[in-house]
>>> print(open('upload32.txt').read())   # compact mmCIF, C-alpha atoms
# COMPACT_ATOMS: atom_id res chain seq x y z
CA MET A 548 0.00 0.00 0.00
CA THR A 549 1.33 3.44 -0.93
CA GLY A 550 -0.98 5.47 1.31
CA LEU A 551 -2.37 7.86 -1.32
CA LEU A 552 -4.10 10.81 0.38
CA LEU A 553 -7.46 11.84 -1.07
CA ASP A 554 -9.71 14.85 -0.60
CA PRO A 555 -13.48 14.75 -1.41
CA ALA A 556 -12.98 16.10 -4.93
CA ARG A 557 -10.45 13.39 -5.76
CA GLU A 558 -12.68 10.74 -4.26
CA VAL A 559 -15.52 11.84 -6.55
CA LEU A 560 -13.15 11.79 -9.53
CA ILE A 561 -12.03 8.25 -8.73
CA ALA A 562 -15.61 7.02 -8.24
CA LEU A 563 -16.63 8.55 -11.59
CA ALA A 564 -13.59 6.96 -13.21
CA GLY A 565 -14.69 3.60 -11.83
CA LEU A 566 -18.18 4.09 -13.26
CA GLY A 567 -16.74 5.11 -16.63
CA ALA A 568 -14.31 2.20 -16.68
CA GLY A 569 -17.15 -0.21 -15.95
CA LEU A 570 -19.26 1.25 -18.77
CA VAL A 571 -16.42 0.99 -21.29
CA ASN A 572 -15.53 -2.55 -20.21
CA GLY A 573 -19.18 -3.58 -20.46
CA VAL A 574 -19.44 -2.30 -24.02
CA ALA A 575 -16.21 -3.64 -25.50
CA GLY A 576 -13.29 -3.45 -23.06
CA GLY A 577 -10.67 -0.75 -22.48
CA GLY A 578 -11.96 0.57 -19.16
CA SER A 579 -8.50 1.01 -17.73
CA LEU A 580 -8.12 3.86 -20.22
CA VAL A 581 -10.39 5.70 -17.80
CA SER A 582 -9.27 4.35 -14.42
CA PHE A 583 -5.49 4.28 -14.93
CA PRO A 584 -5.11 7.96 -16.00
CA ALA A 585 -7.48 9.01 -13.20
CA LEU A 586 -5.26 7.37 -10.60
CA LEU A 587 -2.17 8.96 -12.12
CA ALA A 588 -3.96 12.32 -12.00
CA VAL A 589 -4.55 12.09 -8.24
CA GLY A 590 -0.91 11.30 -7.57
CA ALA A 591 -0.54 7.52 -7.63
CA PRO A 592 2.80 6.19 -8.93
CA ALA A 593 2.55 4.31 -12.22
CA LEU A 594 2.92 0.79 -10.79
CA ALA A 595 0.49 1.47 -7.95
CA ALA A 596 -1.98 3.05 -10.39
CA ASN A 597 -1.77 0.01 -12.66
CA VAL A 598 -2.39 -2.62 -9.99
CA THR A 599 -4.94 -0.48 -8.11
CA SER A 600 -6.85 0.00 -11.35
CA THR A 601 -6.87 -3.76 -11.99
CA VAL A 602 -8.26 -4.53 -8.54
CA GLY A 603 -10.63 -1.54 -8.41
CA ILE A 604 -12.40 -2.15 -11.71
CA TRP A 605 -12.58 -5.94 -11.32
CA PRO A 606 -16.28 -5.78 -10.31
CA GLY A 607 -16.98 -3.99 -13.61
CA TYR A 608 -15.96 -7.14 -15.49
CA LEU A 609 -18.30 -9.13 -13.24
CA GLY A 610 -21.16 -6.75 -14.00
CA GLY A 611 -20.39 -6.87 -17.71
CA SER A 612 -20.45 -10.66 -17.77
CA ALA A 613 -23.81 -10.64 -15.98
CA GLY A 614 -25.15 -8.22 -18.56
CA PHE A 615 -24.20 -10.64 -21.36
CA ALA A 616 -25.89 -13.64 -19.71
CA SER A 617 -28.18 -14.42 -22.65
CA GLU A 618 -25.33 -14.17 -25.19
CA LEU A 619 -23.28 -16.65 -23.17
CA ARG A 620 -25.86 -19.43 -23.45
CA GLY A 621 -24.49 -22.34 -25.41
CA GLN A 622 -20.86 -21.18 -25.07
CA GLN A 623 -19.96 -23.28 -22.03
CA ASP A 624 -17.75 -25.62 -24.06
CA ARG A 625 -15.79 -22.68 -25.45
CA LEU A 626 -15.28 -21.28 -21.96
CA ARG A 627 -14.15 -24.61 -20.57
CA SER A 628 -11.71 -25.16 -23.43
CA LEU A 629 -10.15 -21.70 -22.93
CA LEU A 630 -10.10 -21.69 -19.12
CA GLY A 631 -6.62 -23.17 -18.72
CA THR A 632 -5.20 -20.95 -21.45
CA VAL A 633 -6.61 -17.79 -19.88
CA VAL A 634 -5.44 -18.67 -16.37
CA ALA A 635 -1.94 -19.50 -17.61
CA GLY A 636 -1.74 -16.21 -19.52
CA GLY A 637 -3.04 -14.25 -16.54
CA VAL A 638 -0.44 -15.80 -14.23
CA ALA A 639 2.33 -15.12 -16.76
CA GLY A 640 1.31 -11.48 -17.15
CA GLY A 641 0.90 -10.85 -13.43
CA VAL A 642 4.28 -12.35 -12.59
CA LEU A 643 5.87 -10.48 -15.50
CA LEU A 644 4.61 -7.15 -14.17
CA LEU A 645 6.05 -7.75 -10.72
CA THR A 646 9.42 -9.13 -11.84
CA THR A 647 10.49 -7.09 -14.89
CA PRO A 648 10.85 -3.34 -15.61
CA THR A 649 7.50 -1.85 -16.58
CA LYS A 650 9.05 0.26 -19.35
CA ALA A 651 10.11 -2.77 -21.36
CA PHE A 652 6.59 -4.03 -21.94
CA SER A 653 5.09 -0.55 -22.12
CA LEU A 654 7.19 0.14 -25.22
CA VAL A 655 5.54 -2.77 -27.03
CA ALA A 656 1.99 -2.33 -25.68
CA PRO A 657 0.80 0.42 -28.09
CA TYR A 658 1.79 -1.64 -31.09
CA LEU A 659 0.05 -4.74 -29.75
CA VAL A 660 -3.18 -2.79 -29.41
CA LEU A 661 -2.75 -1.20 -32.85
CA PHE A 662 -2.24 -4.64 -34.39
CA ALA A 663 -5.37 -5.88 -32.63
CA CYS A 664 -7.33 -2.95 -34.07
CA ALA A 665 -6.14 -3.88 -37.55
CA LEU A 666 -7.16 -7.49 -37.00
CA PHE A 667 -10.57 -6.48 -35.75
CA GLY A 668 -11.09 -4.03 -38.59
CA VAL A 669 -10.41 -6.57 -41.33
CA GLN A 670 -12.05 -9.47 -39.48
CA PRO A 671 -15.28 -9.51 -41.59
CA VAL A 672 -13.31 -9.77 -44.85
CA LEU A 673 -10.94 -12.40 -43.52
CA ALA A 674 -13.75 -14.39 -41.95
CA ARG A 675 -15.60 -14.57 -45.29
CA ARG A 676 -12.50 -15.78 -47.07
CA LEU A 677 -11.65 -18.30 -44.36
CA ARG A 678 -15.18 -19.72 -44.34
CA ALA A 679 -14.52 -20.93 -47.89
CA GLU A 680 -11.93 -23.30 -46.35
CA GLU A 681 -14.15 -24.36 -43.47
CA GLY A 682 -13.20 -28.02 -43.60
CA LYS A 683 -9.47 -27.34 -43.79
CA ARG A 684 -8.94 -24.87 -40.99
CA SER A 685 -10.44 -26.39 -37.83
CA ARG A 686 -7.18 -27.46 -36.20
CA ARG A 687 -5.24 -24.42 -37.38
CA HIS A 688 -7.82 -22.04 -35.95
CA THR A 689 -7.97 -23.93 -32.66
CA VAL A 690 -4.22 -23.47 -32.25
CA ALA A 691 -4.47 -19.80 -33.24
CA LEU A 692 -7.34 -19.29 -30.79
CA HIS A 693 -5.36 -20.67 -27.85
CA VAL A 694 -2.08 -18.97 -28.74
CA GLY A 695 -3.83 -15.65 -29.31
CA THR A 696 -5.87 -15.95 -26.13
CA PHE A 697 -2.77 -16.79 -24.08
CA LEU A 698 -0.88 -13.76 -25.43
CA ALA A 699 -3.91 -11.49 -24.92
CA SER A 700 -4.31 -12.76 -21.35
CA THR A 701 -0.63 -12.18 -20.63
CA TYR A 702 -0.90 -8.64 -21.96
CA GLY A 703 -4.13 -8.01 -20.07
CA ALA A 704 -2.70 -9.08 -16.72
CA TYR A 705 0.45 -7.04 -17.32
CA PHE A 706 -1.21 -3.84 -18.54
CA GLY A 707 -4.94 -4.06 -19.02
CA ALA A 708 -5.56 -1.09 -21.34
CA GLY A 709 -7.02 -2.42 -24.58
CA LEU A 710 -7.45 -6.02 -23.39
CA GLY A 711 -11.01 -6.12 -24.72
CA VAL A 712 -9.86 -4.97 -28.16
CA VAL A 713 -7.09 -7.57 -28.27
CA LEU A 714 -9.44 -10.36 -27.18
CA LEU A 715 -12.11 -9.34 -29.66
CA GLY A 716 -9.51 -9.31 -32.43
CA VAL A 717 -8.39 -12.83 -31.55
CA LEU A 718 -11.87 -14.25 -31.02
CA GLY A 719 -13.33 -12.55 -34.08
CA LEU A 720 -10.74 -14.12 -36.37
CA THR A 721 -10.87 -17.62 -34.91
CA ILE A 722 -14.53 -18.12 -33.97
CA ASN A 723 -17.39 -18.09 -36.46
CA ASP A 724 -20.26 -16.47 -34.55
CA ARG A 725 -22.21 -13.24 -34.18
CA LEU A 726 -20.23 -10.30 -32.82
CA VAL A 727 -22.52 -9.77 -29.84
CA ARG A 728 -21.99 -13.41 -28.75
CA ILE A 729 -18.24 -13.08 -29.24
CA ASN A 730 -18.38 -9.91 -27.15
CA GLY A 731 -20.13 -11.86 -24.39
CA LEU A 732 -17.39 -14.48 -24.49
CA ARG A 733 -14.82 -11.68 -24.41
CA SER A 734 -16.39 -10.28 -21.26
CA VAL A 735 -16.00 -13.55 -19.35
CA LEU A 736 -12.45 -14.14 -20.55
CA ALA A 737 -11.51 -10.60 -19.51
CA LEU A 738 -13.11 -11.25 -16.10
CA LEU A 739 -10.99 -14.39 -15.69
CA VAL A 740 -7.78 -12.59 -16.69
CA ASN A 741 -8.43 -9.77 -14.25
CA THR A 742 -9.40 -12.18 -11.48
CA VAL A 743 -6.06 -13.97 -11.78
CA ALA A 744 -4.15 -10.67 -11.98
CA ALA A 745 -6.06 -9.15 -9.05
CA LEU A 746 -5.33 -12.15 -6.82
CA ILE A 747 -1.60 -11.91 -7.60
CA PHE A 748 -1.56 -8.15 -7.01
CA ILE A 749 -3.48 -8.42 -3.73
CA VAL A 750 -0.75 -10.71 -2.41
CA ARG A 751 2.34 -9.01 -3.84
CA ALA A 752 1.68 -5.51 -5.21
CA PRO A 753 1.37 -1.98 -3.68
CA ILE A 754 -2.40 -1.49 -3.94
CA ASP A 755 -4.06 1.73 -2.73
CA TRP A 756 -7.14 0.26 -1.10
CA VAL A 757 -9.17 3.45 -0.62
CA PRO A 758 -9.33 4.35 -4.33
CA ALA A 759 -9.68 0.67 -5.21
CA GLY A 760 -12.76 0.47 -2.99
CA LEU A 761 -14.25 3.66 -4.45
CA MET A 762 -13.84 2.31 -7.97
CA ALA A 763 -15.18 -1.14 -7.15
CA SER A 764 -18.84 -0.40 -6.47
CA ALA A 765 -19.10 2.18 -9.24
CA SER A 766 -17.50 -0.10 -11.83
CA LEU A 767 -19.90 -2.94 -10.97
CA VAL A 768 -22.87 -0.75 -11.92
CA GLY A 769 -21.07 0.60 -14.99
CA GLY A 770 -20.15 -2.85 -16.25
CA TYR A 771 -23.72 -4.13 -16.14
CA VAL A 772 -25.13 -1.02 -17.81
CA GLY A 773 -22.41 -1.07 -20.46
CA ALA A 774 -23.14 -4.68 -21.38
CA ARG A 775 -26.86 -3.91 -21.75
CA ILE A 776 -25.97 -1.02 -24.04
CA ALA A 777 -23.67 -3.24 -26.15
CA ARG A 778 -26.47 -5.77 -26.72
CA ARG A 779 -28.51 -3.10 -28.49
CA VAL A 780 -25.76 -1.52 -30.59
CA PRO A 781 -25.73 -2.55 -34.30
CA THR A 782 -22.70 -4.66 -35.22
CA VAL A 783 -21.15 -2.03 -37.48
CA TRP A 784 -21.41 0.60 -34.74
CA LEU A 785 -19.99 -1.74 -32.14
CA ARG A 786 -17.07 -2.56 -34.42
CA ALA A 787 -16.42 1.17 -34.93
CA VAL A 788 -16.53 1.79 -31.16
CA VAL A 789 -14.09 -1.04 -30.49
CA ILE A 790 -11.63 0.22 -33.10
CA ALA A 791 -11.95 3.78 -31.79
CA LEU A 792 -11.20 2.57 -28.26
CA GLY A 793 -8.19 0.68 -29.54
CA LEU A 794 -6.82 3.66 -31.43
CA THR A 795 -7.38 5.88 -28.39
CA THR A 796 -5.54 3.35 -26.26
CA THR A 797 -2.63 3.36 -28.70
CA GLY A 798 -2.42 7.15 -28.67
CA LEU A 799 -2.51 7.36 -24.88
CA LEU A 800 0.11 4.65 -24.47
CA LEU A 801 2.42 6.32 -26.99
CA ALA A 802 1.96 9.67 -25.26
CA HIS A 803 2.51 8.29 -21.76
>>> encode(input="upload32.txt", output="structure tokens")
Amino acid sequence: MTGLLLDPAREVLIALAGLGAGLVNGVAGGGSLVSFPALLAVGAPALAANVTSTVGIWPGYLGGSAGFASELRGQQDRLRSLLGTVVAGGVAGGVLLLTTPTKAFSLVAPYLVLFACALFGVQPVLARRLRAEEGKRSRRHTVALHVGTFLASTYGAYFGAGLGVVLLGVLGLTINDRLVRINGLRSVLALLVNTVAALIFIVRAPIDWVPAGLMASASLVGGYVGARIARRVPTVWLRAVVIALGLTTTGLLLAH
């Protein structure tokens, strides 16, 4: 714990950031774009802001997954098959954050998110072309799904900004399903990644518990509302929002 001192105005700012992070995560991911800068703005050191953000907005992922309950029906086999991959990636990312210099991975992070945006943007075209080889690509896509999910989970546990975009890029290219259902699957996988990371950080990292608590309740509400909004957004709009979030993430990471 770093003992960050807060006045009422800063407490309101942090609570609003938690609500905003939950909303963004519920729609498509990227909520730490709201929570992480807010914690930096009130004086938290970068590492403390990163881990406090992860723990504080964790309930937002829970609320988002609840909001996608109907889209998750029939996807239990997918979740079970990806569980070990996600947990392994989350552990790898959490340990990486606590044992290596943050700057090293931060230099690569903007380009990972930018690549994910490109993948997600061209996903409809690629998916149509790949469907023509449906019988030939089952094993190849299964491998790509697990490798991509592992790397996305590692990134998400290390530095969560843009995790939703990365996961949607991976899932959209390797799973043939409607975007809203893929987004529901994304919400649960992101919840799992952040659960693993949060548990590691609670044990080993310098979390500021007051701001984490302020963010927690607000992000829970925001996550549920955001997921309900996402269910009603036309696919083309949702895709545009996701890409915009990814590009914003890239810009903020490059500027940081």
>>> residues_near_point(input="upload32.txt", point="(-18.6, 5.3, -24.5)", cutoff="9 Å", atoms="only C-alpha atoms", output="list in words")
Gly567, Leu570, Val571, Val574, Gly773, Val788 and Leu792 of chain A
>>> closest_atom_pairs(input="upload32.txt", of="region 745-791 of chain A", to="region 657-674 of chain A", cutoff="8 Å", atoms="only C-alpha atoms", output="tab-separated table")
residue	atom	partner	partner_atom	distance
A:Arg786	CA	A:Gly668	CA	7.4
A:Val789	CA	A:Cys664	CA	7.9
A:Ile790	CA	A:Cys664	CA	5.4
>>> write_last_selection(input="upload32.txt", atoms="C-alpha atoms", output="tab-separated table (two decimals), keeping the file's coordinate frame")
chain	number	residue	atom	x	y	z
A	786	ARG	CA	-17.07	-2.56	-34.42
A	789	VAL	CA	-14.09	-1.04	-30.49
A	790	ILE	CA	-11.63	0.22	-33.10
>>> axis_aligned_box(input="upload32.txt", around="region 656-659 of chain A", padding_each_side="6 Å", output="lines of an AutoDock Vina configuration file")
center_x = 1.0
center_y = -2.2
center_z = -28.4
size_x = 13.9
size_y = 17.2
size_z = 17.4
>>> atom_distance(input="upload32.txt", atom1="CA of Leu560 (chain A)", atom2="CA of Phe706 (chain A)")
21.6 Å
>>> residues_near_point(input="upload32.txt", point="(-7.0, -25.1, -25.2)", cutoff="12 Å", atoms="only C-alpha atoms", output="CSV table (one decimal) with C-alpha atoms, in the frame of the given file")
chain,number,residue,atom,x,y,z
A,624,ASP,CA,-17.8,-25.6,-24.1
A,625,ARG,CA,-15.8,-22.7,-25.4
A,626,LEU,CA,-15.3,-21.3,-22.0
A,627,ARG,CA,-14.2,-24.6,-20.6
A,628,SER,CA,-11.7,-25.2,-23.4
A,629,LEU,CA,-10.2,-21.7,-22.9
A,630,LEU,CA,-10.1,-21.7,-19.1
A,631,GLY,CA,-6.6,-23.2,-18.7
A,632,THR,CA,-5.2,-21.0,-21.4
A,633,VAL,CA,-6.6,-17.8,-19.9
A,634,VAL,CA,-5.4,-18.7,-16.4
A,635,ALA,CA,-1.9,-19.5,-17.6
A,636,GLY,CA,-1.7,-16.2,-19.5
A,686,ARG,CA,-7.2,-27.5,-36.2
A,688,HIS,CA,-7.8,-22.0,-36.0
A,689,THR,CA,-8.0,-23.9,-32.7
A,690,VAL,CA,-4.2,-23.5,-32.2
A,691,ALA,CA,-4.5,-19.8,-33.2
A,692,LEU,CA,-7.3,-19.3,-30.8
A,693,HIS,CA,-5.4,-20.7,-27.8
A,694,VAL,CA,-2.1,-19.0,-28.7
A,695,GLY,CA,-3.8,-15.6,-29.3
A,696,THR,CA,-5.9,-16.0,-26.1
A,697,PHE,CA,-2.8,-16.8,-24.1
>>> atom_distance(input="upload32.txt", atom1="CA of Ala596 (chain A)", atom2="CA of Ala787 (chain A)")
28.5 Å
>>> decode(input="upload32.txt", residues="region 688-784 of chain A", atoms="C-alpha atoms", output="PDB file, in the first residue's frame")
ATOM      1  CA  HIS A 688      -7.824 -22.044 -35.948  1.00  0.00           C
ATOM      2  CA  THR A 689      -7.968 -23.928 -32.657  1.00  0.00           C
ATOM      3  CA  VAL A 690      -4.217 -23.467 -32.253  1.00  0.00           C
ATOM      4  CA  ALA A 691      -4.471 -19.799 -33.244  1.00  0.00           C
ATOM      5  CA  LEU A 692      -7.341 -19.289 -30.788  1.00  0.00           C
ATOM      6  CA  HIS A 693      -5.364 -20.674 -27.850  1.00  0.00           C
ATOM      7  CA  VAL A 694      -2.080 -18.972 -28.735  1.00  0.00           C
ATOM      8  CA  GLY A 695      -3.827 -15.650 -29.313  1.00  0.00           C
ATOM      9  CA  THR A 696      -5.869 -15.952 -26.125  1.00  0.00           C
ATOM     10  CA  PHE A 697      -2.766 -16.786 -24.082  1.00  0.00           C
ATOM     11  CA  LEU A 698      -0.884 -13.758 -25.433  1.00  0.00           C
ATOM     12  CA  ALA A 699      -3.912 -11.493 -24.924  1.00  0.00           C
ATOM     13  CA  SER A 700      -4.311 -12.761 -21.351  1.00  0.00           C
ATOM     14  CA  THR A 701      -0.627 -12.177 -20.633  1.00  0.00           C
ATOM     15  CA  TYR A 702      -0.899  -8.638 -21.961  1.00  0.00           C
ATOM     16  CA  GLY A 703      -4.134  -8.010 -20.067  1.00  0.00           C
ATOM     17  CA  ALA A 704      -2.705  -9.079 -16.725  1.00  0.00           C
ATOM     18  CA  TYR A 705       0.449  -7.036 -17.320  1.00  0.00           C
ATOM     19  CA  PHE A 706      -1.209  -3.837 -18.537  1.00  0.00           C
ATOM     20  CA  GLY A 707      -4.943  -4.062 -19.024  1.00  0.00           C
ATOM     21  CA  ALA A 708      -5.565  -1.089 -21.342  1.00  0.00           C
ATOM     22  CA  GLY A 709      -7.016  -2.419 -24.578  1.00  0.00           C
ATOM     23  CA  LEU A 710      -7.454  -6.022 -23.386  1.00  0.00           C
ATOM     24  CA  GLY A 711     -11.009  -6.124 -24.724  1.00  0.00           C
ATOM     25  CA  VAL A 712      -9.862  -4.975 -28.163  1.00  0.00           C
ATOM     26  CA  VAL A 713      -7.094  -7.570 -28.267  1.00  0.00           C
ATOM     27  CA  LEU A 714      -9.438 -10.363 -27.177  1.00  0.00           C
ATOM     28  CA  LEU A 715     -12.110  -9.338 -29.660  1.00  0.00           C
ATOM     29  CA  GLY A 716      -9.512  -9.308 -32.429  1.00  0.00           C
ATOM     30  CA  VAL A 717      -8.386 -12.828 -31.547  1.00  0.00           C
ATOM     31  CA  LEU A 718     -11.867 -14.252 -31.017  1.00  0.00           C
ATOM     32  CA  GLY A 719     -13.332 -12.553 -34.076  1.00  0.00           C
ATOM     33  CA  LEU A 720     -10.743 -14.124 -36.369  1.00  0.00           C
ATOM     34  CA  THR A 721     -10.865 -17.620 -34.906  1.00  0.00           C
ATOM     35  CA  ILE A 722     -14.531 -18.124 -33.969  1.00  0.00           C
ATOM     36  CA  ASN A 723     -17.385 -18.085 -36.465  1.00  0.00           C
ATOM     37  CA  ASP A 724     -20.257 -16.474 -34.550  1.00  0.00           C
ATOM     38  CA  ARG A 725     -22.212 -13.239 -34.183  1.00  0.00           C
ATOM     39  CA  LEU A 726     -20.226 -10.302 -32.825  1.00  0.00           C
ATOM     40  CA  VAL A 727     -22.521  -9.773 -29.842  1.00  0.00           C
ATOM     41  CA  ARG A 728     -21.989 -13.408 -28.746  1.00  0.00           C
ATOM     42  CA  ILE A 729     -18.237 -13.085 -29.245  1.00  0.00           C
ATOM     43  CA  ASN A 730     -18.380  -9.912 -27.154  1.00  0.00           C
ATOM     44  CA  GLY A 731     -20.129 -11.856 -24.394  1.00  0.00           C
ATOM     45  CA  LEU A 732     -17.387 -14.476 -24.486  1.00  0.00           C
ATOM     46  CA  ARG A 733     -14.816 -11.680 -24.415  1.00  0.00           C
ATOM     47  CA  SER A 734     -16.390 -10.278 -21.257  1.00  0.00           C
ATOM     48  CA  VAL A 735     -15.996 -13.554 -19.348  1.00  0.00           C
ATOM     49  CA  LEU A 736     -12.446 -14.142 -20.546  1.00  0.00           C
ATOM     50  CA  ALA A 737     -11.511 -10.596 -19.505  1.00  0.00           C
ATOM     51  CA  LEU A 738     -13.109 -11.253 -16.104  1.00  0.00           C
ATOM     52  CA  LEU A 739     -10.987 -14.392 -15.695  1.00  0.00           C
ATOM     53  CA  VAL A 740      -7.783 -12.589 -16.693  1.00  0.00           C
ATOM     54  CA  ASN A 741      -8.435  -9.773 -14.254  1.00  0.00           C
ATOM     55  CA  THR A 742      -9.402 -12.176 -11.476  1.00  0.00           C
ATOM     56  CA  VAL A 743      -6.064 -13.966 -11.779  1.00  0.00           C
ATOM     57  CA  ALA A 744      -4.146 -10.673 -11.975  1.00  0.00           C
ATOM     58  CA  ALA A 745      -6.060  -9.145  -9.050  1.00  0.00           C
ATOM     59  CA  LEU A 746      -5.328 -12.145  -6.820  1.00  0.00           C
ATOM     60  CA  ILE A 747      -1.603 -11.907  -7.603  1.00  0.00           C
ATOM     61  CA  PHE A 748      -1.563  -8.153  -7.008  1.00  0.00           C
ATOM     62  CA  ILE A 749      -3.479  -8.421  -3.727  1.00  0.00           C
ATOM     63  CA  VAL A 750      -0.746 -10.711  -2.407  1.00  0.00           C
ATOM     64  CA  ARG A 751       2.340  -9.010  -3.842  1.00  0.00           C
ATOM     65  CA  ALA A 752       1.675  -5.507  -5.207  1.00  0.00           C
ATOM     66  CA  PRO A 753       1.372  -1.978  -3.678  1.00  0.00           C
ATOM     67  CA  ILE A 754      -2.398  -1.492  -3.944  1.00  0.00           C
ATOM     68  CA  ASP A 755      -4.059   1.726  -2.733  1.00  0.00           C
ATOM     69  CA  TRP A 756      -7.143   0.255  -1.098  1.00  0.00           C
ATOM     70  CA  VAL A 757      -9.175   3.447  -0.620  1.00  0.00           C
ATOM     71  CA  PRO A 758      -9.333   4.353  -4.325  1.00  0.00           C
ATOM     72  CA  ALA A 759      -9.685   0.670  -5.213  1.00  0.00           C
ATOM     73  CA  GLY A 760     -12.763   0.468  -2.992  1.00  0.00           C
ATOM     74  CA  LEU A 761     -14.248   3.658  -4.448  1.00  0.00           C
ATOM     75  CA  MET A 762     -13.845   2.307  -7.970  1.00  0.00           C
ATOM     76  CA  ALA A 763     -15.178  -1.142  -7.154  1.00  0.00           C
ATOM     77  CA  SER A 764     -18.841  -0.403  -6.474  1.00  0.00           C
ATOM     78  CA  ALA A 765     -19.098   2.184  -9.244  1.00  0.00           C
ATOM     79  CA  SER A 766     -17.498  -0.101 -11.832  1.00  0.00           C
ATOM     80  CA  LEU A 767     -19.905  -2.939 -10.970  1.00  0.00           C
ATOM     81  CA  VAL A 768     -22.870  -0.753 -11.924  1.00  0.00           C
ATOM     82  CA  GLY A 769     -21.070   0.599 -14.989  1.00  0.00           C
ATOM     83  CA  GLY A 770     -20.149  -2.853 -16.251  1.00  0.00           C
ATOM     84  CA  TYR A 771     -23.717  -4.135 -16.144  1.00  0.00           C
ATOM     85  CA  VAL A 772     -25.129  -1.020 -17.815  1.00  0.00           C
ATOM     86  CA  GLY A 773     -22.405  -1.069 -20.463  1.00  0.00           C
ATOM     87  CA  ALA A 774     -23.144  -4.678 -21.385  1.00  0.00           C
ATOM     88  CA  ARG A 775     -26.857  -3.909 -21.749  1.00  0.00           C
ATOM     89  CA  ILE A 776     -25.969  -1.021 -24.044  1.00  0.00           C
ATOM     90  CA  ALA A 777     -23.673  -3.235 -26.146  1.00  0.00           C
ATOM     91  CA  ARG A 778     -26.467  -5.768 -26.721  1.00  0.00           C
ATOM     92  CA  ARG A 779     -28.511  -3.097 -28.492  1.00  0.00           C
ATOM     93  CA  VAL A 780     -25.762  -1.519 -30.590  1.00  0.00           C
ATOM     94  CA  PRO A 781     -25.735  -2.546 -34.299  1.00  0.00           C
ATOM     95  CA  THR A 782     -22.704  -4.660 -35.218  1.00  0.00           C
ATOM     96  CA  VAL A 783     -21.153  -2.030 -37.478  1.00  0.00           C
ATOM     97  CA  TRP A 784     -21.411   0.601 -34.736  1.00  0.00           C
TER      98      TRP A 784
END
